[in-house]
Amino acid sequence: MPDRYDLPPGFRWGAATAAYQIEGAVAEDGRGPSVWDTFVARPGAVRDGHTGAVACDHYHRYPEDIELMRGLGLDGYRFSIAWPRIQPTGAGAVNPAGLAFYDRLVDALLDAGITPLPTLFHWDLPQALEDTGGWLDRDTAYRFAEYATVMADRLGDRIPTWITLNEPFVHTVFGYALGTHAPGRALMFEALPAAHHQLLGHGLAAAALHERGLAVMLSNNLTPVQPASASEPDLAAAAAYDTLHNRLFTDPVLLGRYPDLSVLGVPDDVYGAVRPGDLELIHTPGLDGLGVNYYNPTRIAAPTDPALPFDLVDIPDVPHTAFGWPVVPDGLRHLLVHLRDTYRAALPPLTITENGCSVDETATPDHPRIDYLATHLDALAQAAAEGVDVRGYYTWSLLDNFEWAEGYHQRFGLVHVDFATQRRTPKASYAWYRDLISAHRSGRER
C-alpha cells in the first residue's frame with residue numbers, strides 16, 4: 001500500500017461523527033427528546049435494545065476525543081449539532097447550555113489546529129416537531145432555517161463552512177418509507193414529501209448562511225447504480241433506482257428541477273408537496289461544495305414485488321464488510337467521474353464527507369479497515385487524476401459508536417471504544433491514517 005496518494009494541493013484530511021451516535025447525555029443540560037430517543041424505546045426497534053443514552057459520552061469526554069484527533073494530525077473534524085440540544089422543542093426559545101457546549105467544542109478544536117465542519121441535521125429531529133408531522137410537514141423546513149440561523153449567529157465567526165443536511169435519502173427511505181430508522185414510519189412512496197421538505201429546509205437555511213458570508217454544503221449518500229444485466233427491464237429498474245437514490249436529492253439543488261419521477265410512479269408535484277417557487281428556494285442559494293458519502297455501489301434488477309419499480313440484489317464475487325456491504329473501491333472513482341460528467345459546470349467542488357467500513361473485530365484484526373481505506377483513497381486519487389475537483393476526505397468514523405438500528409454491533413471507528421468503561425484505544429487503522437496524513441503534510445511543507 002502506498003504511503004502517499006497523488007492528491008491536489010490543499011487537500012484536507014478529516015474524520016467524521018454524528019451527535020446522537022457519540023454524545024450521550026440525552027437528558028442533561030436542557031436537551032429535549034429527539035425522534036431517536038423515542039424510537040430506541042420501542043421494543044425491537046434497535047438490535048438488543050441498545051440506545052444512544054450514553055453512547056461514547058462525548059458530551060463529557062470531548063477533550064479526550066480532540067486529543068485523539070490531534071494525534072491523528074487531522075485538518076478537519078466533521079460533527080453534527082443536536083438540534084434538540086439547541087431548541088428542545090425545535091422552535092422558539094434557545095437553550096443556553098446547548099449553545100455553550102458547542103462553543104466549548106469549537107474553541108477546543110480550533111485550539112488544536114483542527115477546522116470544525118458542522119452538520120446541522122444528522123437525523124435527530126426534535127420529537128416535538130415530529131409530533132406535528134416531522135419532515136412531512138412543510139413548517140419543519142422553516143423551523144430548520146430558524147435553527148440554522150441561530151447556529152450561524154453563534155458560531156459563524158469561527159466556522160467558515162457548514163453542511164445543512166446529512167443523507168436526506170437515507171433519512172427519507174429508512175425513517176419515513178420503510179420505518180427501520182427513526183421516526184419509524186412505513187409510508188413507502190408516500191414518504192416523498194419528507195424528501196422535498198428536507199430540500200426546502202436546506203434551501204432556506206443555505207440562504208440564511210450565505211447572507212452571513214458562510215459557505216454551504218449538503219452531504220448525501222450517493223451510489224453508482226449497476227443494472228443486473230443488459231436486459232431492458234433491468235436497465236429500466238436501474239434508472240428508477242438512480243432517480244430515487246441519487247438524482248432526487250441532487251438535481252433540485254444543482255439544476256433547479258426534479259428528475260422525471262414517473263419512473264417511480266410518483267407525480268411531479270411529489271404528492272402535492274411542491275409549491276410554486278419551491279425549486280427556486282432550493283436551487284438559488286447554490287452550493288459551495290457537495291459532500292459525498294460513499295460506502296458501496298448498488299446492483300439493481302427488474303422488480304419481483306409490484307409495490308416497487310426495482311429489486312436490490314447482491315454484488316457477487318467481491319468482499320463484504322461486517323455489515324454485509326460489498327467492497328468495491330472503484331465504485332468511488334466511477335461515482336465521482338459520473339457526477340462530473342453529469343452535472344458539469346453546475347457541480348461544485350466535492351468532498352468525501354463519509355467513507356469507511358465496519359469490521360468484526362472479534363474474528364479478525366483491523367487490517368480489513370486499512371485495506372478498505374487504502375483502496376478507496378487510491379480510487380479517489382484516480383478520480384482526481386481524471387480531472388474531478390475533490391478537496392478533502394473525512395473517514396467514517398473517528399470512534400466506534402451507536403450505529404443506529406444496529407446498536408453497538410457495528411464498529412466503524414479508528415478508535416475502539418469499550419462502551420462499559422468508555423476507554424478509548426486507537427486501532428491499527430488509527431496509526432495507519434496518522435502516518436498517511438503525516439506523509440502528506442510533510443509533502444505539503446517541502
# chains A, B, ... in the order shown; residues from 1 in each chain; ligands from 1
>>> select_by_dssp(residues="region 234-325 of chain A", states="strand (DSSP E or B)", output="list of chain:residue names")
A:Gly289, A:Leu290, A:Gly291, A:Val292, A:Asn293, A:Thr298, A:Arg299, A:Ile300, A:Ala301, A:Asp311, A:Leu312, A:Val313, A:His320
>>> write_last_selection(atoms="C-alpha atoms", output="compact mmCIF listing (two decimals), in the first residue's frame")
# COMPACT_ATOMS: atom_id res chain seq x y z
CA GLY A 289 -19.39 22.21 -2.10
CA LEU A 290 -21.13 18.85 -2.38
CA GLY A 291 -20.46 16.26 0.29
CA VAL A 292 -20.29 12.68 -0.98
CA ASN A 293 -20.87 9.82 1.45
CA THR A 298 -25.89 -0.82 -5.73
CA ARG A 299 -26.90 -3.59 -8.14
CA ILE A 300 -30.47 -3.44 -9.40
CA ALA A 301 -32.74 -5.93 -11.16
CA ASP A 311 -35.10 -5.05 -6.74
CA LEU A 312 -31.82 -4.65 -4.88
CA VAL A 313 -29.58 -7.65 -5.48
CA HIS A 320 -18.17 -7.73 2.11
>>> residues_around(residues="Pro33 (chain A)", least_positions_apart="4", cutoff="9 Å", atoms="only C-alpha atoms", output="PyMOL selection string")
chain A and resi 26-27+37-38+84-85+88-89+124-128
>>> write_last_selection(atoms="C-alpha atoms", output="compact mmCIF listing (two decimals), in the first residue's frame")
# COMPACT_ATOMS: atom_id res chain seq x y z
CA VAL A 26 -29.58 12.87 26.21
CA ALA A 27 -31.40 14.25 29.26
CA ASP A 37 -34.80 8.87 21.83
CA THR A 38 -38.38 7.87 21.12
CA PRO A 84 -32.83 19.22 20.43
CA ARG A 85 -29.84 20.44 22.46
CA PRO A 88 -35.60 21.45 22.89
CA THR A 89 -38.93 21.67 21.07
CA ASP A 124 -32.10 13.68 15.29
CA LEU A 125 -35.21 15.80 14.74
CA PRO A 126 -36.74 17.23 17.92
CA GLN A 127 -39.61 14.94 18.87
CA ALA A 128 -41.94 17.91 19.33
>>> select_by_dssp(residues="region 212-342 of chain A", states="helix (DSSP H, G or I)", output="PDB file with C-alpha atoms, in the first residue's frame")
ATOM      1  CA  GLU A 232     -34.422  -3.683 -20.856  1.00  0.00           C
ATOM      2  CA  PRO A 233     -36.292  -4.468 -17.612  1.00  0.00           C
ATOM      3  CA  ASP A 234     -33.062  -4.401 -15.583  1.00  0.00           C
ATOM      4  CA  LEU A 235     -31.899  -1.184 -17.267  1.00  0.00           C
ATOM      5  CA  ALA A 236     -35.254   0.484 -16.566  1.00  0.00           C
ATOM      6  CA  ALA A 237     -35.171  -0.669 -12.950  1.00  0.00           C
ATOM      7  CA  ALA A 238     -31.629   0.690 -12.530  1.00  0.00           C
ATOM      8  CA  ALA A 239     -32.694   4.057 -13.950  1.00  0.00           C
ATOM      9  CA  ALA A 240     -35.604   4.182 -11.497  1.00  0.00           C
ATOM     10  CA  TYR A 241     -33.349   3.425  -8.558  1.00  0.00           C
ATOM     11  CA  ASP A 242     -30.778   6.020  -9.639  1.00  0.00           C
ATOM     12  CA  THR A 243     -33.593   8.574  -9.771  1.00  0.00           C
ATOM     13  CA  LEU A 244     -34.666   7.768  -6.203  1.00  0.00           C
ATOM     14  CA  HIS A 245     -31.281   7.370  -4.528  1.00  0.00           C
ATOM     15  CA  ASN A 246     -29.171   9.958  -6.336  1.00  0.00           C
ATOM     16  CA  ARG A 247     -30.946  12.373  -8.640  1.00  0.00           C
ATOM     17  CA  LEU A 248     -33.996  13.124  -6.454  1.00  0.00           C
ATOM     18  CA  PHE A 249     -31.689  14.846  -3.972  1.00  0.00           C
ATOM     19  CA  THR A 250     -29.078  16.282  -6.347  1.00  0.00           C
ATOM     20  CA  ASP A 251     -30.951  17.599  -9.393  1.00  0.00           C
ATOM     21  CA  PRO A 252     -33.101  20.116  -7.464  1.00  0.00           C
ATOM     22  CA  VAL A 253     -30.101  21.614  -5.670  1.00  0.00           C
ATOM     23  CA  LEU A 254     -27.744  21.723  -8.673  1.00  0.00           C
ATOM     24  CA  LEU A 255     -30.156  22.084 -11.604  1.00  0.00           C
ATOM     25  CA  LEU A 261     -40.409  10.905 -11.230  1.00  0.00           C
ATOM     26  CA  SER A 262     -42.797   8.972 -13.447  1.00  0.00           C
ATOM     27  CA  VAL A 263     -40.255   6.131 -13.468  1.00  0.00           C
ATOM     28  CA  LEU A 264     -41.169   5.695  -9.788  1.00  0.00           C
ATOM     29  CA  ASP A 278     -40.036  25.981  -4.064  1.00  0.00           C
ATOM     30  CA  LEU A 279     -37.448  24.864  -6.571  1.00  0.00           C
ATOM     31  CA  GLU A 280     -36.104  28.392  -6.801  1.00  0.00           C
ATOM     32  CA  LEU A 281     -35.761  28.438  -3.000  1.00  0.00           C
ATOM     33  CA  ILE A 282     -33.915  25.097  -3.114  1.00  0.00           C
ATOM     34  CA  HIS A 283     -31.659  25.934  -6.062  1.00  0.00           C
ATOM     35  CA  ASP A 330     -13.544   1.592  -7.939  1.00  0.00           C
ATOM     36  CA  GLY A 331     -17.187   2.459  -7.374  1.00  0.00           C
ATOM     37  CA  LEU A 332     -15.963   5.653  -5.726  1.00  0.00           C
ATOM     38  CA  ARG A 333     -13.933   6.638  -8.782  1.00  0.00           C
ATOM     39  CA  HIS A 334     -16.874   5.795 -11.036  1.00  0.00           C
ATOM     40  CA  LEU A 335     -19.271   7.826  -8.878  1.00  0.00           C
ATOM     41  CA  LEU A 336     -17.081  10.931  -8.810  1.00  0.00           C
ATOM     42  CA  VAL A 337     -16.403  10.859 -12.535  1.00  0.00           C
ATOM     43  CA  HIS A 338     -20.122  10.296 -13.204  1.00  0.00           C
ATOM     44  CA  LEU A 339     -21.044  13.316 -11.074  1.00  0.00           C
ATOM     45  CA  ARG A 340     -18.555  15.450 -13.008  1.00  0.00           C
ATOM     46  CA  ASP A 341     -19.808  14.240 -16.385  1.00  0.00           C
ATOM     47  CA  THR A 342     -23.492  14.541 -15.435  1.00  0.00           C
TER      48      THR A 342
END
>>> residues_around(residues="region 367-369 of chain A", least_positions_apart="3", cutoff="12 Å", atoms="only C-alpha atoms", output="ChimeraX atom specification")
/A:1,319-322,327,355-361,363-364,372-376,395-397,411-415,427-433
>>> write_last_selection(atoms="C-alpha atoms", output="PDB file, in the first residue's frame")
ATOM      1  CA  MET A   1       0.000   0.000   0.000  1.00  0.00           C
ATOM      2  CA  PRO A 319     -15.546  -8.957  -0.328  1.00  0.00           C
ATOM      3  CA  HIS A 320     -18.166  -7.732   2.113  1.00  0.00           C
ATOM      4  CA  THR A 321     -17.871  -5.716   5.322  1.00  0.00           C
ATOM      5  CA  ALA A 322     -19.148  -6.933   8.690  1.00  0.00           C
ATOM      6  CA  VAL A 327     -16.488  -3.627  -1.019  1.00  0.00           C
ATOM      7  CA  ASN A 355     -16.187   6.663   3.797  1.00  0.00           C
ATOM      8  CA  GLY A 356     -15.294   3.689   5.947  1.00  0.00           C
ATOM      9  CA  CYS A 357     -16.282   0.168   6.931  1.00  0.00           C
ATOM     10  CA  SER A 358     -17.367  -1.936   9.857  1.00  0.00           C
ATOM     11  CA  VAL A 359     -15.081  -4.798  10.866  1.00  0.00           C
ATOM     12  CA  ASP A 360     -15.873  -7.802  13.047  1.00  0.00           C
ATOM     13  CA  GLU A 361     -13.028  -7.280  15.469  1.00  0.00           C
ATOM     14  CA  ALA A 363     -12.919 -12.533  14.343  1.00  0.00           C
ATOM     15  CA  THR A 364     -10.274 -10.508  12.549  1.00  0.00           C
ATOM     16  CA  TYR A 372     -10.680  -0.606   2.677  1.00  0.00           C
ATOM     17  CA  LEU A 373      -9.397   2.912   3.337  1.00  0.00           C
ATOM     18  CA  ALA A 374      -6.260   2.446   1.256  1.00  0.00           C
ATOM     19  CA  THR A 375      -8.068   1.108  -1.799  1.00  0.00           C
ATOM     20  CA  HIS A 376     -10.772   3.774  -1.643  1.00  0.00           C
ATOM     21  CA  THR A 395     -13.338   8.946   7.114  1.00  0.00           C
ATOM     22  CA  TRP A 396     -16.224   7.379   8.992  1.00  0.00           C
ATOM     23  CA  SER A 397     -15.634   7.224  11.820  1.00  0.00           C
ATOM     24  CA  ARG A 411     -17.671  -0.974  14.651  1.00  0.00           C
ATOM     25  CA  PHE A 412     -16.570   1.694  12.170  1.00  0.00           C
ATOM     26  CA  GLY A 413     -14.066   3.535  14.357  1.00  0.00           C
ATOM     27  CA  LEU A 414     -10.385   4.236  14.018  1.00  0.00           C
ATOM     28  CA  VAL A 415     -10.567   4.190  17.818  1.00  0.00           C
ATOM     29  CA  LYS A 427      -6.569   0.714  16.438  1.00  0.00           C
ATOM     30  CA  ALA A 428      -4.029  -0.217  13.775  1.00  0.00           C
ATOM     31  CA  SER A 429      -6.045   1.841  11.284  1.00  0.00           C
ATOM     32  CA  TYR A 430      -5.600   4.903  13.511  1.00  0.00           C
ATOM     33  CA  ALA A 431      -1.819   4.553  13.259  1.00  0.00           C
ATOM     34  CA  TRP A 432      -2.030   3.931   9.507  1.00  0.00           C
ATOM     35  CA  TYR A 433      -4.188   7.021   8.932  1.00  0.00           C
TER      36      TYR A 433
END
>>> residues_around(residues="Leu199 (chain A)", least_positions_apart="4", cutoff="12 Å", atoms="only C-alpha atoms", output="tab-separated table (two decimals) with N, CA and C atoms, in the first residue's frame")
chain	number	residue	atom	x	y	z
A	121	PHE	N	-28.10	18.92	10.51
A	121	PHE	CA	-29.11	17.89	10.74
A	121	PHE	C	-28.58	16.53	10.34
A	135	TRP	N	-40.81	15.87	9.06
A	135	TRP	CA	-40.46	16.36	7.72
A	135	TRP	C	-41.59	16.18	6.72
A	136	LEU	N	-42.67	15.52	7.11
A	136	LEU	CA	-43.85	15.50	6.24
A	136	LEU	C	-44.61	16.82	6.29
A	138	ARG	N	-44.59	20.82	6.04
A	138	ARG	CA	-43.82	21.89	5.40
A	138	ARG	C	-43.24	22.86	6.42
A	140	THR	N	-41.76	22.36	9.10
A	140	THR	CA	-40.48	21.93	9.64
A	140	THR	C	-39.32	22.54	8.87
A	141	ALA	N	-39.48	22.75	7.57
A	141	ALA	CA	-38.42	23.38	6.78
A	141	ALA	C	-38.13	24.79	7.29
A	142	TYR	N	-39.16	25.52	7.66
A	142	TYR	CA	-38.97	26.88	8.16
A	142	TYR	C	-38.38	26.89	9.56
A	144	PHE	N	-36.33	24.62	10.58
A	144	PHE	CA	-34.93	24.27	10.36
A	144	PHE	C	-34.11	25.50	9.98
A	145	ALA	N	-34.67	26.35	9.15
A	145	ALA	CA	-33.96	27.57	8.76
A	145	ALA	C	-33.74	28.49	9.96
A	164	THR	N	-25.67	21.51	5.66
A	164	THR	CA	-27.05	21.61	6.12
A	164	THR	C	-27.60	20.24	6.53
A	165	LEU	N	-27.69	19.32	5.57
A	165	LEU	CA	-28.31	18.01	5.81
A	165	LEU	C	-27.29	16.89	5.61
A	166	ASN	N	-27.47	15.83	6.37
A	166	ASN	CA	-26.74	14.60	6.13
A	166	ASN	C	-27.69	13.54	5.57
A	167	GLU	N	-27.36	13.02	4.41
A	167	GLU	CA	-28.03	11.87	3.81
A	167	GLU	C	-29.56	11.97	3.85
A	168	PRO	N	-30.13	12.98	3.20
A	168	PRO	CA	-31.59	13.05	3.16
A	168	PRO	C	-32.21	11.82	2.50
A	169	PHE	N	-31.48	11.15	1.59
A	169	PHE	CA	-32.01	9.90	1.02
A	169	PHE	C	-32.24	8.87	2.12
A	172	THR	N	-35.07	9.81	4.55
A	172	THR	CA	-36.39	9.66	3.94
A	172	THR	C	-36.79	8.20	3.81
A	192	LEU	N	-42.31	10.60	0.26
A	192	LEU	CA	-41.51	11.54	-0.52
A	192	LEU	C	-41.71	13.01	-0.18
A	193	PRO	N	-42.85	13.44	0.36
A	193	PRO	CA	-42.89	14.83	0.84
A	193	PRO	C	-41.79	15.13	1.87
A	194	ALA	N	-41.36	14.13	2.63
A	194	ALA	CA	-40.26	14.36	3.58
A	194	ALA	C	-38.97	14.69	2.85
A	195	ALA	N	-38.78	14.11	1.67
A	195	ALA	CA	-37.61	14.46	0.87
A	195	ALA	C	-37.69	15.91	0.42
A	203	GLY	N	-32.58	24.70	1.36
A	203	GLY	CA	-32.52	25.95	0.59
A	203	GLY	C	-32.72	27.17	1.46
A	204	LEU	N	-33.68	27.09	2.38
A	204	LEU	CA	-33.94	28.23	3.27
A	204	LEU	C	-32.75	28.46	4.20
A	205	ALA	N	-32.19	27.37	4.73
A	205	ALA	CA	-31.03	27.50	5.62
A	205	ALA	C	-29.81	28.01	4.85
A	206	ALA	N	-29.62	27.50	3.63
A	206	ALA	CA	-28.47	27.94	2.83
A	206	ALA	C	-28.53	29.44	2.56
A	218	LEU	N	-24.04	20.38	1.22
A	218	LEU	CA	-25.03	19.36	1.55
A	218	LEU	C	-24.37	18.02	1.33
A	219	SER	N	-24.55	17.07	2.25
A	219	SER	CA	-23.94	15.75	2.10
A	219	SER	C	-25.04	14.71	1.90
A	220	ASN	N	-24.86	13.88	0.88
A	220	ASN	CA	-25.82	12.80	0.67
A	220	ASN	C	-25.08	11.49	0.46
A	248	LEU	N	-32.92	12.45	-7.18
A	248	LEU	CA	-34.00	13.12	-6.45
A	248	LEU	C	-33.45	14.18	-5.50
A	249	PHE	N	-32.25	13.95	-4.97
A	249	PHE	CA	-31.69	14.85	-3.97
A	249	PHE	C	-30.58	15.74	-4.52
A	250	THR	N	-30.17	15.50	-5.77
A	250	THR	CA	-29.08	16.28	-6.35
A	250	THR	C	-29.56	17.23	-7.44
A	251	ASP	N	-30.46	16.75	-8.31
A	251	ASP	CA	-30.95	17.60	-9.39
A	251	ASP	C	-31.60	18.89	-8.90
A	252	PRO	N	-32.47	18.86	-7.89
A	252	PRO	CA	-33.10	20.12	-7.46
A	252	PRO	C	-32.10	21.15	-6.96
A	253	VAL	N	-31.07	20.69	-6.24
A	253	VAL	CA	-30.10	21.61	-5.67
A	253	VAL	C	-29.17	22.17	-6.75
A	254	LEU	N	-28.72	21.30	-7.67
A	254	LEU	CA	-27.74	21.72	-8.67
A	254	LEU	C	-28.38	22.25	-9.95
A	256	GLY	N	-32.03	22.88	-10.27
A	256	GLY	CA	-33.28	23.61	-10.06
A	256	GLY	C	-34.51	22.89	-10.56
A	257	ARG	N	-34.44	21.59	-10.69
A	257	ARG	CA	-35.60	20.82	-11.13
A	257	ARG	C	-35.51	19.40	-10.59
A	258	TYR	N	-36.65	18.76	-10.48
A	258	TYR	CA	-36.67	17.35	-10.13
A	258	TYR	C	-36.46	16.51	-11.39
A	273	ALA	N	-46.57	18.20	-2.46
A	273	ALA	CA	-45.65	18.91	-1.57
A	273	ALA	C	-44.97	20.09	-2.26
A	274	VAL	N	-44.78	20.01	-3.56
A	274	VAL	CA	-44.03	21.04	-4.29
A	274	VAL	C	-44.97	22.19	-4.64
A	278	ASP	N	-40.85	26.83	-4.94
A	278	ASP	CA	-40.04	25.98	-4.06
A	278	ASP	C	-38.69	25.64	-4.68
A	279	LEU	N	-38.70	25.28	-5.95
A	279	LEU	CA	-37.45	24.86	-6.57
A	279	LEU	C	-36.47	26.02	-6.68
A	280	GLU	N	-36.99	27.22	-6.83
A	280	GLU	CA	-36.10	28.39	-6.80
A	280	GLU	C	-35.49	28.56	-5.41
A	281	LEU	N	-36.29	28.35	-4.36
A	281	LEU	CA	-35.76	28.44	-3.00
A	281	LEU	C	-34.70	27.37	-2.74
A	282	ILE	N	-34.87	26.19	-3.30
A	282	ILE	CA	-33.92	25.10	-3.11
A	282	ILE	C	-32.64	25.34	-3.91
A	283	HIS	N	-32.78	25.84	-5.12
A	283	HIS	CA	-31.66	25.93	-6.06
A	283	HIS	C	-30.88	27.24	-5.96
A	285	PRO	N	-29.87	29.49	-3.67
A	285	PRO	CA	-28.71	29.80	-2.81
A	285	PRO	C	-27.40	29.21	-3.34
>>> atom_distance(atom1="CA of Asp57 (chain A)", atom2="CA of Asn401 (chain A)")
9.9 Å
>>> closest_residue(among="A:Asp371, A:Asp3, A:Asp75, A:Glu354", to="Val328 (chain A)", atoms="only C-alpha atoms")
A:Asp371
>>> atom_distance(atom1="CA of Phe310 (chain A)", atom2="CA of Phe323 (chain A)")
22.1 Å
>>> residues_around(residues="Ser438 (chain A)", least_positions_apart="4", cutoff="8 Å", atoms="only C-alpha atoms", output="PyMOL selection string")
chain A and resi 73+434+442
>>> residues_around(residues="Ala186 (chain A)", least_positions_apart="4", cutoff="7 Å", atoms="only C-alpha atoms", output="number ranges by chain")
A: 176-179
>>> residues_around(residues="Ala45 (chain A)", least_positions_apart="3", cutoff="9 Å", atoms="only C-alpha atoms", output="PyMOL selection string")
chain A and resi 39-42+48-49+180-182+184+405
>>> write_last_selection(atoms="N, CA and C atoms", output="mmCIF file, in the first residue's frame")
data_model
loop_
_atom_site.group_PDB
_atom_site.id
_atom_site.type_symbol
_atom_site.label_atom_id
_atom_site.label_comp_id
_atom_site.auth_asym_id
_atom_site.auth_seq_id
_atom_site.Cartn_x
_atom_site.Cartn_y
_atom_site.Cartn_z
ATOM 1 N N PHE A 39 -37.583 6.458 19.318
ATOM 2 C CA PHE A 39 -37.518 5.230 18.525
ATOM 3 C C PHE A 39 -36.823 4.107 19.287
ATOM 4 N N VAL A 40 -35.709 4.414 19.962
ATOM 5 C CA VAL A 40 -34.965 3.346 20.639
ATOM 6 C C VAL A 40 -35.757 2.746 21.788
ATOM 7 N N ALA A 41 -36.780 3.453 22.278
ATOM 8 C CA ALA A 41 -37.605 2.921 23.367
ATOM 9 C C ALA A 41 -38.634 1.912 22.869
ATOM 10 N N ARG A 42 -38.805 1.802 21.563
ATOM 11 C CA ARG A 42 -39.763 0.831 21.034
ATOM 12 C C ARG A 42 -39.173 -0.572 21.123
ATOM 13 N N ASP A 48 -30.890 -5.653 20.153
ATOM 14 C CA ASP A 48 -30.593 -5.878 21.571
ATOM 15 C C ASP A 48 -31.035 -4.731 22.470
ATOM 16 N N GLY A 49 -31.917 -3.889 21.975
ATOM 17 C CA GLY A 49 -32.437 -2.806 22.798
ATOM 18 C C GLY A 49 -31.436 -1.721 23.124
ATOM 19 N N THR A 180 -37.431 1.586 9.406
ATOM 20 C CA THR A 180 -36.388 0.877 10.137
ATOM 21 C C THR A 180 -35.467 1.823 10.906
ATOM 22 N N HIS A 181 -35.600 3.119 10.667
ATOM 23 C CA HIS A 181 -34.925 4.153 11.445
ATOM 24 C C HIS A 181 -35.993 5.081 12.017
ATOM 25 N N ALA A 182 -35.585 5.903 12.973
ATOM 26 C CA ALA A 182 -36.500 6.926 13.472
ATOM 27 C C ALA A 182 -36.876 7.893 12.344
ATOM 28 N N GLY A 184 -39.600 6.006 12.312
ATOM 29 C CA GLY A 184 -40.251 4.704 12.271
ATOM 30 C C GLY A 184 -41.554 4.653 11.518
ATOM 31 N N ALA A 405 -29.921 1.429 13.951
ATOM 32 C CA ALA A 405 -30.708 0.236 14.261
ATOM 33 C C ALA A 405 -29.853 -0.967 14.642
#
>>> atom_distance(atom1="CA of Val46 (chain A)", atom2="CA of Glu28 (chain A)")
22.6 Å
